[in-house]
file run11.tsv (TSV, C-alpha atoms and all ligand atoms)
chain	number	residue	atom	x	y	z
A	1	MET	CA	120.60	235.69	9.31
A	2	LYS	CA	117.75	233.35	10.05
A	3	TYR	CA	118.08	230.31	12.30
A	4	CYS	CA	116.00	227.59	13.90
A	5	ARG	CA	116.50	224.97	16.60
A	6	PHE	CA	115.60	221.37	15.88
A	7	LEU	CA	116.10	217.71	16.67
A	8	PHE	CA	118.21	215.72	14.25
A	9	GLU	CA	119.30	212.16	14.91
A	10	ASP	CA	118.18	212.55	18.54
A	11	GLN	CA	120.39	215.61	19.09
A	12	VAL	CA	119.47	219.26	19.44
A	13	HIS	CA	120.94	221.38	16.66
A	14	TYR	CA	120.75	224.94	15.44
A	15	GLY	CA	120.19	225.39	11.74
A	16	LYS	CA	120.83	228.26	9.36
A	17	VAL	CA	117.66	229.01	7.40
A	18	ASP	CA	117.53	230.45	3.89
A	19	ASP	CA	114.82	230.74	1.28
A	20	ARG	CA	114.80	228.29	-1.61
A	21	ALA	CA	112.20	228.97	-4.29
A	22	GLY	CA	110.26	231.03	-1.76
A	23	GLU	CA	110.25	228.31	0.92
A	24	PRO	CA	112.39	228.30	4.08
A	25	TRP	CA	115.05	225.57	4.15
A	26	ILE	CA	117.58	224.56	6.74
A	27	VAL	CA	120.71	224.88	4.62
A	28	ASP	CA	123.42	224.18	7.21
A	29	LEU	CA	124.07	223.71	10.91
A	30	THR	CA	125.20	226.65	12.96
A	31	SER	CA	126.69	227.28	16.39
A	32	ALA	CA	124.48	227.90	19.42
A	33	PRO	CA	123.80	231.23	21.10
A	34	GLU	CA	125.69	231.81	24.33
A	35	GLU	CA	122.76	231.13	26.67
A	36	ASP	CA	122.28	227.55	25.47
A	37	LEU	CA	124.94	226.19	27.80
A	38	ALA	CA	123.81	222.56	27.49
A	39	PHE	CA	124.34	222.69	23.74
A	40	ARG	CA	127.71	224.40	24.09
A	41	LEU	CA	128.91	221.88	26.63
A	42	ALA	CA	127.90	219.06	24.31
A	43	HIS	CA	129.36	220.53	21.13
A	44	GLY	CA	131.90	223.11	22.23
A	45	ARG	CA	132.08	226.13	19.98
A	46	ALA	CA	131.60	223.84	17.05
A	47	THR	CA	131.76	225.30	13.62
A	48	SER	CA	132.39	221.99	11.87
A	49	TRP	CA	130.45	218.80	12.36
A	50	SER	CA	131.21	215.13	12.31
A	51	PHE	CA	128.63	214.45	9.63
A	52	ASP	CA	127.47	216.02	6.40
A	53	PHE	CA	124.19	217.81	6.83
A	54	GLU	CA	121.84	217.56	3.88
A	55	PRO	CA	119.62	220.65	3.51
A	56	MET	CA	115.96	220.05	4.30
A	57	PRO	CA	112.74	222.07	4.16
A	58	LEU	CA	112.08	223.83	7.46
A	59	ASN	CA	108.63	222.27	7.65
A	60	ALA	CA	110.14	218.78	7.37
A	61	ALA	CA	112.34	219.26	10.45
A	62	ALA	CA	111.50	218.26	14.03
A	63	LEU	CA	111.44	221.88	15.16
A	64	LEU	CA	111.90	223.05	18.75
A	65	PRO	CA	111.24	226.52	20.18
A	66	PRO	CA	114.13	228.52	18.64
A	67	VAL	CA	114.99	230.14	21.98
A	68	THR	CA	115.87	229.02	25.52
A	69	PRO	CA	114.82	232.10	27.54
A	70	SER	CA	115.42	232.70	31.23
A	71	LYS	CA	112.16	234.63	31.17
A	72	ILE	CA	109.32	235.61	28.88
A	73	ILE	CA	108.06	239.16	29.34
A	74	CYS	CA	104.79	240.15	27.71
A	75	VAL	CA	103.12	243.48	27.02
A	76	GLY	CA	99.35	243.70	27.46
A	77	ARG	CA	97.17	246.07	25.43
A	78	ASN	CA	99.82	247.46	23.11
A	79	TYR	CA	97.41	247.90	20.18
A	80	ARG	CA	94.63	250.46	20.70
A	81	ASP	CA	91.99	248.38	18.85
A	82	HIS	CA	92.67	245.32	21.01
A	83	ALA	CA	92.41	247.29	24.27
A	84	LYS	CA	89.06	248.62	23.03
A	85	GLU	CA	87.66	245.23	22.01
A	86	LEU	CA	88.05	243.93	25.57
A	87	GLY	CA	86.52	247.11	27.00
A	88	ASN	CA	89.79	248.59	28.28
A	89	GLU	CA	91.30	252.05	27.96
A	90	ALA	CA	94.66	252.35	26.21
A	91	PRO	CA	97.14	252.19	29.11
A	92	ALA	CA	99.15	255.24	30.16
A	93	GLU	CA	102.21	253.05	30.79
A	94	PRO	CA	103.15	249.62	29.42
A	95	LEU	CA	101.28	246.79	31.13
A	96	LEU	CA	103.70	243.90	31.79
A	97	PHE	CA	103.30	240.28	32.79
A	98	PHE	CA	105.33	237.08	32.64
A	99	LYS	CA	104.78	233.72	31.06
A	100	PRO	CA	106.95	230.96	32.55
A	101	PRO	CA	109.51	229.19	30.32
A	102	SER	CA	107.58	225.98	31.11
A	103	SER	CA	104.75	227.31	28.92
A	104	LEU	CA	106.94	227.21	25.78
A	105	LEU	CA	105.60	225.07	22.94
A	106	LYS	CA	107.36	224.04	19.77
A	107	PRO	CA	106.07	224.82	16.27
A	108	GLY	CA	103.61	222.09	15.39
A	109	GLY	CA	103.02	221.28	19.06
A	110	VAL	CA	99.61	220.79	20.64
A	111	ILE	CA	98.03	223.54	22.76
A	112	ARG	CA	96.29	221.75	25.64
A	113	MET	CA	93.10	223.44	26.83
A	114	PRO	CA	93.02	222.98	30.62
A	115	ALA	CA	89.90	221.57	32.26
A	116	ALA	CA	89.94	224.60	34.61
A	117	SER	CA	89.05	226.96	31.72
A	118	ALA	CA	86.01	227.19	29.46
A	119	ARG	CA	87.52	229.89	27.23
A	120	VAL	CA	91.03	229.66	25.77
A	121	ASP	CA	91.95	232.46	23.33
A	122	PHE	CA	94.66	232.87	20.70
A	123	GLU	CA	96.76	236.07	20.61
A	124	GLY	CA	99.19	236.28	17.67
A	125	GLU	CA	102.23	238.43	18.49
A	126	LEU	CA	105.63	239.59	17.28
A	127	ALA	CA	108.32	238.52	19.77
A	128	LEU	CA	111.77	240.06	20.24
A	129	VAL	CA	114.73	237.86	21.12
A	130	ILE	CA	117.26	239.66	23.32
A	131	GLY	CA	120.85	239.37	22.10
A	132	ARG	CA	122.85	240.87	24.96
A	133	ARG	CA	122.33	241.84	28.57
A	134	ALA	CA	120.22	244.98	28.87
A	135	SER	CA	119.73	246.98	32.05
A	136	ARG	CA	118.48	250.54	32.51
A	137	LEU	CA	118.47	251.39	28.84
A	138	PRO	CA	117.68	255.04	28.16
A	139	PRO	CA	114.92	255.68	25.59
A	140	ASP	CA	117.54	256.85	23.09
A	141	ALA	CA	119.77	253.78	23.51
A	142	PRO	CA	120.83	252.02	20.28
A	143	TRP	CA	118.12	249.42	21.00
A	144	ARG	CA	118.67	247.37	17.86
A	145	THR	CA	122.10	246.36	19.14
A	146	PHE	CA	120.37	244.57	22.04
A	147	ILE	CA	118.08	242.56	19.75
A	148	ARG	CA	119.23	239.23	18.32
A	149	GLY	CA	116.19	238.97	16.12
A	150	TYR	CA	112.47	238.47	15.84
A	151	THR	CA	110.15	235.51	15.96
A	152	LEU	CA	106.45	234.67	16.19
A	153	ALA	CA	104.54	233.82	19.35
A	154	ASN	CA	101.02	232.97	20.40
A	155	ASP	CA	100.14	234.42	23.82
A	156	VAL	CA	97.53	231.75	24.54
A	157	THR	CA	95.22	232.95	27.32
A	158	ALA	CA	92.51	231.37	29.48
A	159	ARG	CA	90.29	234.46	29.24
A	160	ASP	CA	87.83	233.38	31.92
A	161	LEU	CA	90.61	232.70	34.44
A	162	GLN	CA	92.31	236.01	33.56
A	163	LYS	CA	89.14	237.78	34.73
A	164	LYS	CA	88.44	235.45	37.65
A	165	ASP	CA	91.93	235.40	39.14
A	166	GLY	CA	92.54	239.16	38.92
A	167	GLN	CA	96.23	238.62	38.22
A	168	TRP	CA	97.25	236.77	35.11
A	169	THR	CA	99.85	234.19	36.12
A	170	ARG	CA	97.65	231.13	35.79
A	171	ALA	CA	95.59	232.36	32.82
A	172	LYS	CA	98.72	233.05	30.77
A	173	GLY	CA	101.01	230.43	32.24
A	174	PHE	CA	99.58	226.97	31.58
A	175	ASP	CA	101.88	224.44	29.97
A	176	THR	CA	101.74	224.79	26.14
A	177	PHE	CA	100.42	228.39	26.34
A	178	CYS	CA	103.48	229.94	24.65
A	179	PRO	CA	104.01	228.55	21.14
A	180	VAL	CA	107.13	230.19	19.62
A	181	GLY	CA	108.93	229.94	16.28
A	182	PRO	CA	109.51	228.57	13.75
A	183	LEU	CA	112.67	230.69	13.27
A	184	VAL	CA	114.51	233.78	14.49
A	185	SER	CA	115.43	236.46	11.95
A	186	ASP	CA	117.31	239.74	12.20
A	187	GLU	CA	116.34	240.66	8.64
A	188	LEU	CA	113.19	242.61	9.62
A	189	ASP	CA	112.39	246.11	10.81
A	190	PRO	CA	109.32	246.42	13.06
A	191	GLU	CA	109.53	250.22	12.84
A	192	ALA	CA	109.02	249.99	9.08
A	193	GLY	CA	105.75	248.14	9.74
A	194	LEU	CA	105.31	244.38	9.91
A	195	SER	CA	101.99	242.86	8.96
A	196	ILE	CA	100.89	240.26	11.50
A	197	GLU	CA	98.07	237.81	10.86
A	198	THR	CA	96.41	235.01	12.82
A	199	ARG	CA	94.29	232.33	11.18
A	200	VAL	CA	92.12	229.64	12.75
A	201	ASN	CA	91.32	226.70	10.50
A	202	GLY	CA	92.48	228.82	7.58
A	203	GLU	CA	90.16	231.75	8.36
A	204	LEU	CA	91.75	235.17	8.94
A	205	ARG	CA	90.98	236.31	12.50
A	206	GLN	CA	93.62	238.95	13.30
A	207	HIS	CA	95.37	241.38	10.99
A	208	GLY	CA	97.49	244.16	12.47
A	209	SER	CA	100.61	246.20	11.86
A	210	THR	CA	103.48	246.91	14.22
A	211	LEU	CA	103.02	250.55	13.17
A	212	ASP	CA	99.96	250.51	15.48
A	213	PHE	CA	101.92	249.83	18.67
A	214	ILE	CA	100.87	252.16	21.51
A	215	PHE	CA	104.41	251.91	22.95
A	216	SER	CA	107.37	251.69	20.60
A	217	ILE	CA	110.09	249.09	21.04
A	218	PRO	CA	112.61	251.58	22.53
A	219	GLU	CA	109.94	252.82	24.94
A	220	LEU	CA	109.16	249.23	25.98
A	221	LEU	CA	112.82	248.35	26.44
A	222	ALA	CA	113.48	251.47	28.53
A	223	TYR	CA	110.44	250.78	30.71
A	224	ILE	CA	111.18	247.08	31.20
A	225	THR	CA	114.91	247.42	31.80
A	226	SER	CA	114.35	250.17	34.38
A	227	ALA	CA	113.04	247.30	36.54
A	228	ILE	CA	114.30	244.02	35.10
A	229	THR	CA	117.63	243.03	33.55
A	230	LEU	CA	117.11	241.27	30.23
A	231	GLU	CA	119.46	238.40	29.42
A	232	PRO	CA	120.47	236.93	26.05
A	233	GLY	CA	117.73	234.65	24.80
A	234	ASP	CA	114.95	236.33	26.77
A	235	LEU	CA	111.71	236.80	24.90
A	236	LEU	CA	109.59	239.93	24.75
A	237	LEU	CA	106.07	239.48	23.41
A	238	THR	CA	104.96	242.85	22.08
A	239	GLY	CA	101.16	242.55	22.36
A	240	THR	CA	98.33	241.42	20.12
A	241	PRO	CA	96.16	243.29	17.61
A	242	ALA	CA	92.35	243.22	17.63
A	243	GLY	CA	90.45	240.09	16.72
A	244	VAL	CA	91.27	237.74	19.58
A	245	GLY	CA	88.85	234.88	20.01
A	246	PRO	CA	88.34	231.40	21.41
A	247	LEU	CA	89.96	228.17	20.33
A	248	GLY	CA	88.28	224.78	20.35
A	249	ALA	CA	89.49	221.19	20.33
A	250	GLY	CA	90.64	220.21	16.86
A	251	ASP	CA	91.40	223.78	15.73
A	252	ARG	CA	94.51	224.69	13.74
A	253	VAL	CA	95.93	228.12	14.65
A	254	GLU	CA	98.54	229.91	12.55
A	255	VAL	CA	100.42	233.15	13.28
A	256	SER	CA	102.42	234.73	10.47
A	257	ILE	CA	104.56	237.74	9.58
A	258	PRO	CA	106.28	237.91	6.18
A	259	GLY	CA	109.90	236.83	6.65
A	260	LEU	CA	109.23	234.89	9.86
A	261	GLY	CA	107.37	231.96	8.34
A	262	VAL	CA	104.21	230.56	9.89
A	263	LEU	CA	103.84	229.38	13.49
A	264	LYS	CA	101.36	226.48	13.30
A	265	ASN	CA	99.81	224.67	16.26
A	266	THR	CA	96.82	222.47	16.90
A	267	VAL	CA	94.49	222.47	19.88
A	268	GLU	CA	93.30	219.61	22.05
A	269	SER	CA	91.50	219.29	25.36
A	270	ALA	CA	93.75	218.37	28.25
A	271	THR	CA	93.24	214.73	29.10
A	272	ASN	CA	93.79	215.22	32.82
B	1	MG	MG	99.10	239.14	24.58

call {"tool": "encode", "arguments": {"input": "run11.tsv", "output": "structure tokens"}}
result
Amino acid sequence: MKYCRFLFEDQVHYGKVDDRAGEPWIVDLTSAPEEDLAFRLAHGRATSWSFDFEPMPLNAAALLPPVTPSKIICVGRNYRDHAKELGNEAPAEPLLFFKPPSSLLKPGGVIRMPAASARVDFEGELALVIGRRASRLPPDAPWRTFIRGYTLANDVTARDLQKKDGQWTRAKGFDTFCPVGPLVSDELDPEAGLSIETRVNGELRQHGSTLDFIFSIPELLAYITSAITLEPGDLLLTGTPAGVGPLGAGDRVEVSIPGLGVLKNTVESATN
């Protein structure tokens, strides 16, 4: 199943997404995942609605980030070519960092380049959405049963501040630095190889495959959950392939994987 989260008549809704003539459409409303307590309190465990929903193209909807995570965990340098392009060795163990939920940005939203940075980069990534609580998973755990689905993310990074600060909290954590969406799908298999691409103003800048991960998804989940309990709705950004580069005011950046649609955002300078 594929779903999105969107505003409709000033209310947050979840929508079931299907393909119509090759384009994603919101074909019906659907109930909320368990972690979205505000939605559940407002609607109960609604499976019927007080109005008739007319299907609409996904790109005509007022989309929101499709997830409401308690935390966003990211993996650095999980593609060998990307580690090399920034002059780093492939890590011996997964390199983890957080982005705060306050950095989430909706599909179509504006990435704000902070005045504190002179170099803001795109990083197109596959993101996993956790489906049930996961703690201390062994490497041979049935990991797919802990995954609700997959979505697209852009791990926007102030590259100069990443180097200057030494630790990455500020460089990775500015407001608007985590575009996510447009939908979540469980109809994909990263271990079969997903082709991920990033375009800036229509020009192809990154092209990688999830077959090139340094650490596999079960290895990442075992490593992360040995330290941190993952909750339903949490996001795991799996790293970016080679080709990262700077964004400028007025740019359009698009991350895509077949089956997950296209995550589109624009870029502006922060006004403050
Ligand atoms: Mg990244």

call {"tool": "residues_near_ligand", "arguments": {"input": "run11.tsv", "ligand": "ligand MG 1 (chain B)", "cutoff": "10 Å", "atoms": "only C-alpha atoms and all ligand atoms", "output": "ChimeraX atom specification"}}
result
/A:74-79,82,96-97,121-126,153-157,172,237-241,244

call {"tool": "write_last_selection", "arguments": {"input": "run11.tsv", "atoms": "C-alpha atoms", "output": "CSV table (one decimal), in the coordinates of the input"}}
result
chain,number,residue,atom,x,y,z
A,74,CYS,CA,104.8,240.2,27.7
A,75,VAL,CA,103.1,243.5,27.0
A,76,GLY,CA,99.4,243.7,27.5
A,77,ARG,CA,97.2,246.1,25.4
A,78,ASN,CA,99.8,247.5,23.1
A,79,TYR,CA,97.4,247.9,20.2
A,82,HIS,CA,92.7,245.3,21.0
A,96,LEU,CA,103.7,243.9,31.8
A,97,PHE,CA,103.3,240.3,32.8
A,121,ASP,CA,92.0,232.5,23.3
A,122,PHE,CA,94.7,232.9,20.7
A,123,GLU,CA,96.8,236.1,20.6
A,124,GLY,CA,99.2,236.3,17.7
A,125,GLU,CA,102.2,238.4,18.5
A,126,LEU,CA,105.6,239.6,17.3
A,153,ALA,CA,104.5,233.8,19.4
A,154,ASN,CA,101.0,233.0,20.4
A,155,ASP,CA,100.1,234.4,23.8
A,156,VAL,CA,97.5,231.8,24.5
A,157,THR,CA,95.2,233.0,27.3
A,172,LYS,CA,98.7,233.0,30.8
A,237,LEU,CA,106.1,239.5,23.4
A,238,THR,CA,105.0,242.8,22.1
A,239,GLY,CA,101.2,242.6,22.4
A,240,THR,CA,98.3,241.4,20.1
A,241,PRO,CA,96.2,243.3,17.6
A,244,VAL,CA,91.3,237.7,19.6

call {"tool": "closest_residue", "arguments": {"input": "run11.tsv", "among": "A:Asp10, A:Asp140, A:Glu268, A:Glu89", "to": "Gly248 in chain A", "atoms": "only C-alpha atoms"}}
result
A:Glu268

call {"tool": "atom_distance", "arguments": {"input": "run11.tsv", "atom1": "CA of Asn201 in chain A", "atom2": "CA of Arg252 in chain A"}}
result
5.0 Å

call {"tool": "residues_around", "arguments": {"input": "run11.tsv", "residues": "range 28-37 of chain A", "least_positions_apart": "3", "cutoff": "6 Å", "atoms": "only C-alpha atoms", "output": "number ranges by chain"}}
result
A: 14-16, 40-41

call {"tool": "write_last_selection", "arguments": {"input": "run11.tsv", "atoms": "C-alpha atoms", "output": "PDB file, keeping the file's coordinate frame"}}
result
ATOM      1  CA  TYR A  14     120.750 224.940  15.440  1.00  0.00           C
ATOM      2  CA  GLY A  15     120.190 225.390  11.740  1.00  0.00           C
ATOM      3  CA  LYS A  16     120.830 228.260   9.360  1.00  0.00           C
ATOM      4  CA  ARG A  40     127.710 224.400  24.090  1.00  0.00           C
ATOM      5  CA  LEU A  41     128.910 221.880  26.630  1.00  0.00           C
TER       6      LEU A  41
END

call {"tool": "residues_around", "arguments": {"input": "run11.tsv", "residues": "Gly22 in chain A", "least_positions_apart": "6", "cutoff": "12 Å", "atoms": "only C-alpha atoms", "output": "MDAnalysis selection string"}}
result
chainID A and resid 57:58 258:259 261

call {"tool": "residues_near_point", "arguments": {"input": "run11.tsv", "point": "(105.3, 243.6, 14.3)", "cutoff": "7 Å", "atoms": "all atoms listed in the file", "output": "list in words"}}
result
Leu126, Pro190, Gly193, Leu194, Ser195, Ile196, Ser209 and Thr210 of chain A

call {"tool": "build_atoms", "arguments": {"input": "run11.tsv", "residues": "range 81-92 of chain A", "atoms": "all heavy atoms", "output": "tab-separated table (two decimals), in the coordinates of the input"}}
result
chain	number	residue	atom	x	y	z
A	81	ASP	N	93.23	249.08	19.22
A	81	ASP	CA	91.99	248.38	18.85
A	81	ASP	C	91.75	247.16	19.72
A	81	ASP	O	90.61	246.81	20.01
A	81	ASP	CB	92.05	247.94	17.38
A	81	ASP	CG	91.89	249.12	16.45
A	81	ASP	OD1	91.61	250.23	16.94
A	81	ASP	OD2	92.06	248.93	15.23
A	82	HIS	N	92.84	246.50	20.15
A	82	HIS	CA	92.67	245.32	21.01
A	82	HIS	C	92.24	245.73	22.41
A	82	HIS	O	91.38	245.09	23.02
A	82	HIS	CB	93.95	244.50	21.06
A	82	HIS	CG	93.92	243.42	22.11
A	82	HIS	ND1	93.00	242.40	22.08
A	82	HIS	CD2	94.66	243.22	23.23
A	82	HIS	CE1	93.19	241.61	23.14
A	82	HIS	NE2	94.19	242.08	23.85
A	83	ALA	N	92.84	246.80	22.95
A	83	ALA	CA	92.41	247.29	24.27
A	83	ALA	C	90.91	247.58	24.24
A	83	ALA	O	90.15	247.19	25.13
A	83	ALA	CB	93.20	248.55	24.64
A	84	LYS	N	90.47	248.23	23.15
A	84	LYS	CA	89.06	248.62	23.03
A	84	LYS	C	88.15	247.40	22.95
A	84	LYS	O	87.08	247.36	23.55
A	84	LYS	CB	88.91	249.50	21.78
A	84	LYS	CG	87.68	250.40	21.80
A	84	LYS	CD	87.48	251.14	20.49
A	84	LYS	CE	88.63	252.07	20.16
A	84	LYS	NZ	88.47	252.69	18.82
A	85	GLU	N	88.56	246.36	22.21
A	85	GLU	CA	87.66	245.23	22.01
A	85	GLU	C	87.39	244.46	23.31
A	85	GLU	O	86.38	243.78	23.42
A	85	GLU	CB	88.19	244.27	20.93
A	85	GLU	CG	89.35	243.40	21.37
A	85	GLU	CD	89.79	242.41	20.29
A	85	GLU	OE1	89.02	242.13	19.36
A	85	GLU	OE2	90.93	241.91	20.41
A	86	LEU	N	88.29	244.57	24.28
A	86	LEU	CA	88.05	243.93	25.57
A	86	LEU	C	87.52	244.92	26.60
A	86	LEU	O	87.47	244.64	27.79
A	86	LEU	CB	89.33	243.25	26.08
A	86	LEU	CG	89.86	242.08	25.24
A	86	LEU	CD1	91.11	241.49	25.87
A	86	LEU	CD2	88.80	241.00	25.07
A	87	GLY	N	87.14	246.12	26.13
A	87	GLY	CA	86.52	247.11	27.00
A	87	GLY	C	87.50	247.85	27.89
A	87	GLY	O	87.12	248.33	28.96
A	88	ASN	N	88.77	247.93	27.47
A	88	ASN	CA	89.79	248.59	28.28
A	88	ASN	C	90.25	249.88	27.62
A	88	ASN	O	90.23	250.00	26.39
A	88	ASN	CB	91.01	247.67	28.46
A	88	ASN	CG	90.65	246.39	29.20
A	88	ASN	OD1	90.17	246.43	30.32
A	88	ASN	ND2	90.87	245.26	28.56
A	89	GLU	N	90.66	250.84	28.46
A	89	GLU	CA	91.30	252.05	27.96
A	89	GLU	C	92.72	251.71	27.49
A	89	GLU	O	93.33	250.76	27.99
A	89	GLU	CB	91.40	253.09	29.08
A	89	GLU	CG	90.07	253.60	29.59
A	89	GLU	CD	89.37	254.47	28.55
A	89	GLU	OE1	90.05	255.30	27.92
A	89	GLU	OE2	88.15	254.30	28.36
A	90	ALA	N	93.24	252.48	26.54
A	90	ALA	CA	94.66	252.35	26.21
A	90	ALA	C	95.46	252.73	27.45
A	90	ALA	O	95.18	253.75	28.08
A	90	ALA	CB	95.01	253.25	25.04
A	91	PRO	N	96.43	251.90	27.86
A	91	PRO	CA	97.14	252.19	29.11
A	91	PRO	C	98.06	253.41	28.99
A	91	PRO	O	98.55	253.72	27.91
A	91	PRO	CB	97.96	250.91	29.34
A	91	PRO	CG	98.08	250.28	27.99
A	91	PRO	CD	96.88	250.68	27.20
A	92	ALA	N	98.26	254.09	30.13
A	92	ALA	CA	99.15	255.24	30.16
A	92	ALA	C	100.62	254.82	30.21
A	92	ALA	O	101.50	255.57	29.79
A	92	ALA	CB	98.83	256.12	31.37
